[in-house]
$ cat run.pdb   # PDB, C-alpha atoms and all ligand atoms
ATOM      1  CA  MET A   1     100.737  55.568 209.027  1.00  0.00           C
ATOM      2  CA  ILE A   2      97.867  57.749 207.791  1.00  0.00           C
ATOM      3  CA  LYS A   3      97.502  57.527 204.026  1.00  0.00           C
ATOM      4  CA  SER A   4      96.591  60.650 202.094  1.00  0.00           C
ATOM      5  CA  LYS A   5      93.318  60.618 200.172  1.00  0.00           C
ATOM      6  CA  LYS A   6      93.780  59.771 196.519  1.00  0.00           C
ATOM      7  CA  LYS A   7      91.761  61.267 193.659  1.00  0.00           C
ATOM      8  CA  ILE A   8      89.604  58.866 191.662  1.00  0.00           C
ATOM      9  CA  LEU A   9      87.950  59.874 188.414  1.00  0.00           C
ATOM     10  CA  ALA A  10      85.000  57.720 187.393  1.00  0.00           C
ATOM     11  CA  LEU A  11      83.999  57.494 183.742  1.00  0.00           C
ATOM     12  CA  PRO A  12      80.437  56.280 183.272  1.00  0.00           C
ATOM     13  CA  GLY A  13      79.446  54.641 179.997  1.00  0.00           C
ATOM     14  CA  SER A  14      75.758  55.419 180.438  1.00  0.00           C
ATOM     15  CA  THR A  15      74.086  58.819 180.468  1.00  0.00           C
ATOM     16  CA  ARG A  16      70.638  57.312 181.077  1.00  0.00           C
ATOM     17  CA  ASN A  17      68.435  58.689 183.848  1.00  0.00           C
ATOM     18  CA  GLY A  18      68.370  56.025 186.541  1.00  0.00           C
ATOM     19  CA  SER A  19      71.398  54.252 185.067  1.00  0.00           C
ATOM     20  CA  ALA A  20      72.504  51.140 186.952  1.00  0.00           C
ATOM     21  CA  ASN A  21      76.118  52.026 186.148  1.00  0.00           C
ATOM     22  CA  GLU A  22      75.713  55.455 187.674  1.00  0.00           C
ATOM     23  CA  GLY A  23      74.066  53.885 190.749  1.00  0.00           C
ATOM     24  CA  ILE A  24      77.067  51.586 191.108  1.00  0.00           C
ATOM     25  CA  LEU A  25      79.478  54.506 190.827  1.00  0.00           C
ATOM     26  CA  ARG A  26      77.529  56.507 193.407  1.00  0.00           C
ATOM     27  CA  THR A  27      77.695  53.548 195.771  1.00  0.00           C
ATOM     28  CA  ILE A  28      81.447  53.267 195.250  1.00  0.00           C
ATOM     29  CA  ALA A  29      81.856  57.001 195.877  1.00  0.00           C
ATOM     30  CA  ALA A  30      79.932  56.687 199.156  1.00  0.00           C
ATOM     31  CA  LEU A  31      81.845  53.567 200.235  1.00  0.00           C
ATOM     32  CA  SER A  32      85.233  55.142 199.521  1.00  0.00           C
ATOM     33  CA  ALA A  33      84.475  58.610 200.893  1.00  0.00           C
ATOM     34  CA  GLY A  34      86.727  58.027 203.915  1.00  0.00           C
ATOM     35  CA  THR A  35      89.757  57.014 201.901  1.00  0.00           C
ATOM     36  CA  ALA A  36      89.437  58.650 198.474  1.00  0.00           C
ATOM     37  CA  ASP A  37      87.949  61.671 196.736  1.00  0.00           C
ATOM     38  CA  MET A  38      85.926  60.301 193.877  1.00  0.00           C
ATOM     39  CA  HIS A  39      84.471  62.432 191.110  1.00  0.00           C
ATOM     40  CA  ILE A  40      82.006  61.039 188.576  1.00  0.00           C
ATOM     41  CA  TYR A  41      82.775  62.759 185.285  1.00  0.00           C
ATOM     42  CA  SER A  42      79.611  64.340 183.940  1.00  0.00           C
ATOM     43  CA  GLY A  43      81.039  65.895 180.788  1.00  0.00           C
ATOM     44  CA  ILE A  44      81.230  62.837 178.574  1.00  0.00           C
ATOM     45  CA  ARG A  45      78.103  63.778 176.663  1.00  0.00           C
ATOM     46  CA  GLU A  46      79.574  67.225 175.886  1.00  0.00           C
ATOM     47  CA  LEU A  47      82.558  65.811 173.991  1.00  0.00           C
ATOM     48  CA  PRO A  48      82.351  66.258 170.210  1.00  0.00           C
ATOM     49  CA  TYR A  49      82.706  63.258 167.935  1.00  0.00           C
ATOM     50  CA  PHE A  50      86.353  62.378 167.748  1.00  0.00           C
ATOM     51  CA  ASP A  51      87.915  64.063 164.746  1.00  0.00           C
ATOM     52  CA  PRO A  52      91.606  63.493 163.926  1.00  0.00           C
ATOM     53  CA  ASP A  53      91.776  66.911 162.269  1.00  0.00           C
ATOM     54  CA  GLN A  54      90.715  68.627 165.517  1.00  0.00           C
ATOM     55  CA  ASP A  55      93.216  66.527 167.443  1.00  0.00           C
ATOM     56  CA  LYS A  56      96.233  67.927 165.607  1.00  0.00           C
ATOM     57  CA  GLU A  57      96.939  71.137 167.472  1.00  0.00           C
ATOM     58  CA  GLU A  58      94.878  72.758 170.214  1.00  0.00           C
ATOM     59  CA  ALA A  59      92.103  70.381 171.255  1.00  0.00           C
ATOM     60  CA  PRO A  60      88.544  71.745 171.758  1.00  0.00           C
ATOM     61  CA  ALA A  61      88.082  73.199 175.275  1.00  0.00           C
ATOM     62  CA  VAL A  62      85.793  70.385 176.467  1.00  0.00           C
ATOM     63  CA  VAL A  63      88.368  67.840 175.326  1.00  0.00           C
ATOM     64  CA  ALA A  64      91.139  69.700 177.146  1.00  0.00           C
ATOM     65  CA  THR A  65      89.010  69.700 180.329  1.00  0.00           C
ATOM     66  CA  PHE A  66      88.413  65.978 179.971  1.00  0.00           C
ATOM     67  CA  ARG A  67      92.109  65.289 179.483  1.00  0.00           C
ATOM     68  CA  ARG A  68      93.057  67.429 182.489  1.00  0.00           C
ATOM     69  CA  ALA A  69      90.605  65.494 184.664  1.00  0.00           C
ATOM     70  CA  ILE A  70      92.272  62.215 183.698  1.00  0.00           C
ATOM     71  CA  GLU A  71      95.726  63.668 184.230  1.00  0.00           C
ATOM     72  CA  ALA A  72      94.850  64.955 187.701  1.00  0.00           C
ATOM     73  CA  ALA A  73      93.420  61.625 188.870  1.00  0.00           C
ATOM     74  CA  ASP A  74      95.493  59.083 190.794  1.00  0.00           C
ATOM     75  CA  GLY A  75      93.197  56.345 189.561  1.00  0.00           C
ATOM     76  CA  ILE A  76      90.318  55.787 187.155  1.00  0.00           C
ATOM     77  CA  ILE A  77      87.192  53.668 187.392  1.00  0.00           C
ATOM     78  CA  ILE A  78      85.343  52.920 184.187  1.00  0.00           C
ATOM     79  CA  CYS A  79      81.844  51.583 184.749  1.00  0.00           C
ATOM     80  CA  THR A  80      79.804  50.916 181.658  1.00  0.00           C
ATOM     81  CA  PRO A  81      76.998  48.934 180.097  1.00  0.00           C
ATOM     82  CA  GLU A  82      77.411  46.907 176.910  1.00  0.00           C
ATOM     83  CA  TYR A  83      75.597  48.136 173.820  1.00  0.00           C
ATOM     84  CA  VAL A  84      75.258  45.798 170.834  1.00  0.00           C
ATOM     85  CA  PHE A  85      78.151  43.621 171.962  1.00  0.00           C
ATOM     86  CA  SER A  86      80.561  46.505 172.413  1.00  0.00           C
ATOM     87  CA  LEU A  87      81.227  49.691 174.374  1.00  0.00           C
ATOM     88  CA  PRO A  88      78.579  52.424 174.203  1.00  0.00           C
ATOM     89  CA  GLY A  89      79.658  54.879 171.507  1.00  0.00           C
ATOM     90  CA  ILE A  90      79.741  57.780 173.966  1.00  0.00           C
ATOM     91  CA  LEU A  91      82.431  56.090 176.068  1.00  0.00           C
ATOM     92  CA  LYS A  92      84.385  54.816 173.063  1.00  0.00           C
ATOM     93  CA  ASN A  93      84.327  58.358 171.678  1.00  0.00           C
ATOM     94  CA  ALA A  94      85.708  59.760 174.935  1.00  0.00           C
ATOM     95  CA  LEU A  95      88.495  57.178 174.940  1.00  0.00           C
ATOM     96  CA  GLU A  96      89.336  57.994 171.316  1.00  0.00           C
ATOM     97  CA  TRP A  97      90.159  61.555 172.434  1.00  0.00           C
ATOM     98  CA  THR A  98      92.960  60.113 174.603  1.00  0.00           C
ATOM     99  CA  VAL A  99      94.613  57.963 171.925  1.00  0.00           C
ATOM    100  CA  SER A 100      97.089  60.676 170.920  1.00  0.00           C
ATOM    101  CA  THR A 101      98.109  61.180 174.578  1.00  0.00           C
ATOM    102  CA  THR A 102      99.852  59.055 177.203  1.00  0.00           C
ATOM    103  CA  LEU A 103      97.269  59.912 179.863  1.00  0.00           C
ATOM    104  CA  PHE A 104      96.418  56.326 180.735  1.00  0.00           C
ATOM    105  CA  GLN A 105     100.007  55.118 180.749  1.00  0.00           C
ATOM    106  CA  ASN A 106     100.779  53.661 184.217  1.00  0.00           C
ATOM    107  CA  LYS A 107      97.447  54.987 185.523  1.00  0.00           C
ATOM    108  CA  PRO A 108      95.751  52.614 187.971  1.00  0.00           C
ATOM    109  CA  VAL A 109      92.435  51.628 186.399  1.00  0.00           C
ATOM    110  CA  ALA A 110      89.500  49.532 187.644  1.00  0.00           C
ATOM    111  CA  LEU A 111      87.036  48.194 185.094  1.00  0.00           C
ATOM    112  CA  ILE A 112      83.366  47.428 185.709  1.00  0.00           C
ATOM    113  CA  VAL A 113      80.804  46.340 183.154  1.00  0.00           C
ATOM    114  CA  ALA A 114      77.205  46.263 184.354  1.00  0.00           C
ATOM    115  CA  ALA A 115      74.936  44.996 181.610  1.00  0.00           C
ATOM    116  CA  ALA A 116      72.557  42.217 180.678  1.00  0.00           C
ATOM    117  CA  SER A 117      75.545  39.984 179.901  1.00  0.00           C
ATOM    118  CA  GLY A 118      78.503  42.289 179.082  1.00  0.00           C
ATOM    119  CA  GLU A 119      81.398  39.947 178.145  1.00  0.00           C
ATOM    120  CA  LYS A 120      82.200  41.709 174.875  1.00  0.00           C
ATOM    121  CA  ALA A 121      82.290  45.180 176.440  1.00  0.00           C
ATOM    122  CA  LEU A 122      84.666  43.958 179.133  1.00  0.00           C
ATOM    123  CA  GLU A 123      86.854  42.250 176.530  1.00  0.00           C
ATOM    124  CA  SER A 124      86.949  45.467 174.524  1.00  0.00           C
ATOM    125  CA  LEU A 125      87.760  47.643 177.553  1.00  0.00           C
ATOM    126  CA  LEU A 126      90.581  45.330 178.580  1.00  0.00           C
ATOM    127  CA  LEU A 127      92.062  45.451 175.088  1.00  0.00           C
ATOM    128  CA  ILE A 128      91.831  49.255 174.965  1.00  0.00           C
ATOM    129  CA  MET A 129      93.349  49.759 178.424  1.00  0.00           C
ATOM    130  CA  ARG A 130      96.165  47.284 177.718  1.00  0.00           C
ATOM    131  CA  THR A 131      96.884  49.168 174.507  1.00  0.00           C
ATOM    132  CA  PHE A 132      97.009  52.410 176.516  1.00  0.00           C
ATOM    133  CA  SER A 133      99.481  50.727 178.962  1.00  0.00           C
ATOM    134  CA  ALA A 134      97.206  51.418 181.927  1.00  0.00           C
ATOM    135  CA  LYS A 135      97.801  49.567 185.193  1.00  0.00           C
ATOM    136  CA  ILE A 136      94.626  47.522 185.234  1.00  0.00           C
ATOM    137  CA  ILE A 137      93.768  45.979 188.560  1.00  0.00           C
ATOM    138  CA  PRO A 138      93.159  42.259 188.031  1.00  0.00           C
ATOM    139  CA  GLU A 139      89.835  42.302 189.888  1.00  0.00           C
ATOM    140  CA  THR A 140      87.651  43.404 186.973  1.00  0.00           C
ATOM    141  CA  LEU A 141      83.945  43.186 187.679  1.00  0.00           C
ATOM    142  CA  LEU A 142      81.343  41.874 185.268  1.00  0.00           C
ATOM    143  CA  ILE A 143      77.866  42.462 186.692  1.00  0.00           C
ATOM    144  CA  ARG A 144      75.299  40.469 184.774  1.00  0.00           C
ATOM    145  CA  GLY A 145      71.621  41.369 185.076  1.00  0.00           C
ATOM    146  CA  ALA A 146      72.711  44.682 186.576  1.00  0.00           C
ATOM    147  CA  SER A 147      69.327  46.398 186.671  1.00  0.00           C
ATOM    148  CA  GLY A 148      67.893  43.734 189.006  1.00  0.00           C
ATOM    149  CA  LYS A 149      70.585  44.409 191.602  1.00  0.00           C
ATOM    150  CA  LEU A 150      69.621  48.005 192.390  1.00  0.00           C
ATOM    151  CA  ASP A 151      66.416  49.509 193.715  1.00  0.00           C
ATOM    152  CA  LYS A 152      64.541  52.328 191.978  1.00  0.00           C
ATOM    153  CA  ASN A 153      66.708  54.922 193.748  1.00  0.00           C
ATOM    154  CA  GLY A 154      69.901  53.405 192.335  1.00  0.00           C
ATOM    155  CA  LYS A 155      70.835  51.795 195.660  1.00  0.00           C
ATOM    156  CA  ILE A 156      72.491  48.395 195.460  1.00  0.00           C
ATOM    157  CA  THR A 157      70.288  45.785 197.113  1.00  0.00           C
ATOM    158  CA  ASP A 158      72.449  42.762 196.306  1.00  0.00           C
ATOM    159  CA  GLU A 159      74.827  41.954 199.198  1.00  0.00           C
ATOM    160  CA  LYS A 160      77.075  39.815 197.012  1.00  0.00           C
ATOM    161  CA  LEU A 161      77.534  42.722 194.610  1.00  0.00           C
ATOM    162  CA  LEU A 162      78.364  45.059 197.495  1.00  0.00           C
ATOM    163  CA  SER A 163      81.128  42.768 198.674  1.00  0.00           C
ATOM    164  CA  GLU A 164      82.428  42.347 195.088  1.00  0.00           C
ATOM    165  CA  ILE A 165      82.658  46.134 194.828  1.00  0.00           C
ATOM    166  CA  LYS A 166      84.615  46.319 198.077  1.00  0.00           C
ATOM    167  CA  ASN A 167      86.948  43.619 196.719  1.00  0.00           C
ATOM    168  CA  LEU A 168      87.568  45.804 193.683  1.00  0.00           C
ATOM    169  CA  MET A 169      88.213  49.017 195.591  1.00  0.00           C
ATOM    170  CA  ALA A 170      90.829  47.643 197.990  1.00  0.00           C
ATOM    171  CA  PRO A 171      93.361  46.747 195.230  1.00  0.00           C
ATOM    172  CA  LEU A 172      92.663  49.987 193.368  1.00  0.00           C
ATOM    173  CA  GLU A 173      93.438  52.017 196.480  1.00  0.00           C
ATOM    174  CA  GLU A 174      96.513  49.910 197.157  1.00  0.00           C
ATOM    175  CA  MET A 175      97.739  50.438 193.605  1.00  0.00           C
ATOM    176  CA  MET A 176      97.142  54.208 193.771  1.00  0.00           C
ATOM    177  CA  HIS A 177      99.228  54.400 196.936  1.00  0.00           C
ATOM    178  CA  THR A 178     102.087  52.302 195.618  1.00  0.00           C
ATOM    179  CA  ASN A 179     102.103  53.727 192.096  1.00  0.00           C
ATOM    180  CA  LYS A 180     105.409  55.541 191.609  1.00  0.00           C
ATOM    181  CA  GLU A 181     103.896  58.008 189.198  1.00  0.00           C
ATOM    182  CA  ALA A 182     100.905  58.879 191.414  1.00  0.00           C
TER
HETATM  183  C1  LIG B 201      70.970  50.127 172.632  1.00  0.00           C
HETATM  184  C2  LIG B 201      71.196  49.052 173.662  1.00  0.00           C
HETATM  185  C3  LIG B 201      71.937  47.941 173.326  1.00  0.00           C
HETATM  186  C4  LIG B 201      72.204  46.963 174.275  1.00  0.00           C
HETATM  187  N1  LIG B 201      72.977  45.899 173.940  1.00  0.00           N
HETATM  188  C5  LIG B 201      73.381  45.033 174.905  1.00  0.00           C
HETATM  189  C6  LIG B 201      74.328  44.010 174.607  1.00  0.00           C
HETATM  190  O1  LIG B 201      74.782  43.836 173.491  1.00  0.00           O
HETATM  191  N2  LIG B 201      74.727  43.212 175.630  1.00  0.00           N
HETATM  192  C7  LIG B 201      74.259  43.356 176.913  1.00  0.00           C
HETATM  193  O2  LIG B 201      74.708  42.646 177.808  1.00  0.00           O
HETATM  194  N3  LIG B 201      73.334  44.303 177.204  1.00  0.00           N
HETATM  195  C8  LIG B 201      72.902  45.138 176.250  1.00  0.00           C
HETATM  196  N4  LIG B 201      72.004  46.137 176.544  1.00  0.00           N
HETATM  197  C9  LIG B 201      71.454  46.194 177.900  1.00  0.00           C
HETATM  198  C10 LIG B 201      72.244  47.145 178.799  1.00  0.00           C
HETATM  199  O3  LIG B 201      73.590  46.757 178.881  1.00  0.00           O
HETATM  200  C11 LIG B 201      71.629  47.129 180.197  1.00  0.00           C
HETATM  201  O4  LIG B 201      70.287  47.533 180.105  1.00  0.00           O
HETATM  202  C12 LIG B 201      72.386  47.999 181.172  1.00  0.00           C
HETATM  203  O5  LIG B 201      71.925  47.778 182.467  1.00  0.00           O
HETATM  204  C13 LIG B 201      72.214  49.478 180.833  1.00  0.00           C
HETATM  205  O6  LIG B 201      73.057  50.206 181.693  1.00  0.00           O
HETATM  206  P1  LIG B 201      72.516  51.494 182.478  1.00  0.00           P
HETATM  207  O7  LIG B 201      71.404  50.983 183.371  1.00  0.00           O
HETATM  208  O8  LIG B 201      73.689  51.948 183.270  1.00  0.00           O
HETATM  209  O9  LIG B 201      72.044  52.489 181.489  1.00  0.00           O
HETATM  210  C14 LIG B 201      71.682  47.098 175.589  1.00  0.00           C
HETATM  211  C15 LIG B 201      70.912  48.225 175.906  1.00  0.00           C
HETATM  212  C16 LIG B 201      70.671  49.186 174.963  1.00  0.00           C
HETATM  213  C17 LIG B 201      69.873  50.409 175.344  1.00  0.00           C
END
$ encode --input "run.pdb" --output "structure tokens" --more "lines below"
Ligand SMILES: Cc1cc2nc3c(=O)[nH]c(=O)nc-3n(C[C@H](O)[C@H](O)[C@H](O)COP(=O)(O)O)c2cc1C
Amino acid sequence: MIKSKKKILALPGSTRNGSANEGILRTIAALSAGTADMHIYSGIRELPYFDPDQDKEEAPAVVATFRRAIEAADGIIICTPEYVFSLPGILKNALEWTVSTTLFQNKPVALIVAAASGEKALESLLLIMRTFSAKIIPETLLIRGASGKLDKNGKITDEKLLSEIKNLMAPLEEMMHTNKEA
């Protein structure tokens, strides 16, 4: 049976030029092009600082766009560095704008942390996504020493990493196809 292409939204935790995390997401997008439509969200830096007072009624337009992108996706990939033993503020801020919603509930989610070490960021992401009741695929990926595994064009040069990425994508795609709410 031919499976329909599912929509994946990727949320990068780094906005840095030449980001390893962005390189990883681009690689995933290329690898999954035959089976999924993946969009790397570029609007994270446009989101205002989370403000509970602005979250009460109509959300700012950029926030509404961000929320619609999550809603429309069959699955989410979050790929982020660790900053000072936590999530980068820009990603944490974006996630804060979803707290008052149920957007992540039952949403298939794959988590990648590419950093120097990264354990704390992964721990934090897992806690946040469990709190949001997301369907987290068990194959989370912690990429230590990330910058040494890509060339200067953001292409992954590490074969082991490439196969780990493929091992992550297969269960995400499976979960998107079996997810009742997708
Ligand atoms: C402000 C700052 C703080 C950082 N803190 C940590 C940290 O606590 N733990 C860690 O593993 N790496 C830390 N790093 C290293 C980054 O995680 C690493 O350079 C990563 O590859 C950056 O991701 P990017 O290439 O996608 O921008 C830090 C980097 C910066 C710029």
$ residues_around --input "run.pdb" --residues "Pro60 (chain A)" --least-positions-apart "4" --cutoff "9 Å" --atoms "all atoms listed in the file" --output "list in words"
Leu47, Pro48, Gln54, Asp55, Ala64 and Thr65 of chain A
$ closest_residue --input "run.pdb" --among "A:Ala115, A:Ala36, A:Ile76, A:Leu168" --to "Ala146 (chain A)" --atoms "all atoms listed in the file"
A:Ala115
$ resolve_selection --input "run.pdb" --expression "the PyMOL selection byres (((not hetatm)) within 9 of (chain B and resi 201))" --output "JSON, numbers by chain"
{"A": [12, 13, 14, 15, 16, 17, 18, 19, 20, 21, 22, 23, 24, 79, 80, 81, 82, 83, 84, 85, 86, 87, 88, 113, 114, 115, 116, 117, 118, 119, 120, 121, 144, 145, 146, 147, 148]}
$ residues_around --input "run.pdb" --residues "Met169 (chain A)" --least-positions-apart "6" --cutoff "12 Å" --atoms "all atoms listed in the file" --output "list in words"
Ile8, Leu25, Thr27, Ile28, Ala29, Ala30, Leu31, Ser32, Ala33, Thr35, Ala36, Met38, Gly75, Ile76, Ile77, Pro108, Val109, Ala110, Leu111, Ile112, Ile137, Pro138, Glu139, Thr140, Leu141, Leu162, Ser163, Met175 and Met176 of chain A
$ closest_residue --input "run.pdb" --among "A:Arg45, A:Arg130, A:Lys135, A:Lys155" --to "Asn93 (chain A)" --atoms "all atoms listed in the file"
A:Arg45
$ closest_residue --input "run.pdb" --among "A:Lys152, A:Lys6, A:Arg26, A:Lys92" --to "Asp74 (chain A)" --atoms "only C-alpha atoms"
A:Lys6
$ closest_residue --input "run.pdb" --among "A:Lys3, A:Thr101, A:Ile143, A:Tyr49" --to "Ile156 (chain A)" --atoms "all atoms listed in the file"
A:Ile143
$ residues_near_point --input "run.pdb" --point "(104.0, 52.1, 175.8)" --cutoff "9 Å" --atoms "all atoms listed in the file" --output "list in words"
Thr102, Gln105, Thr131, Phe132 and Ser133 of chain A
$ axis_aligned_box --input "run.pdb" --around "region 161-180 of chain A" --padding-each-side "8 Å" --output "JSON"
{"center_x": 91.5, "center_y": 48.9, "center_z": 195.1, "size_x": 43.9, "size_y": 29.2, "size_z": 23.1}
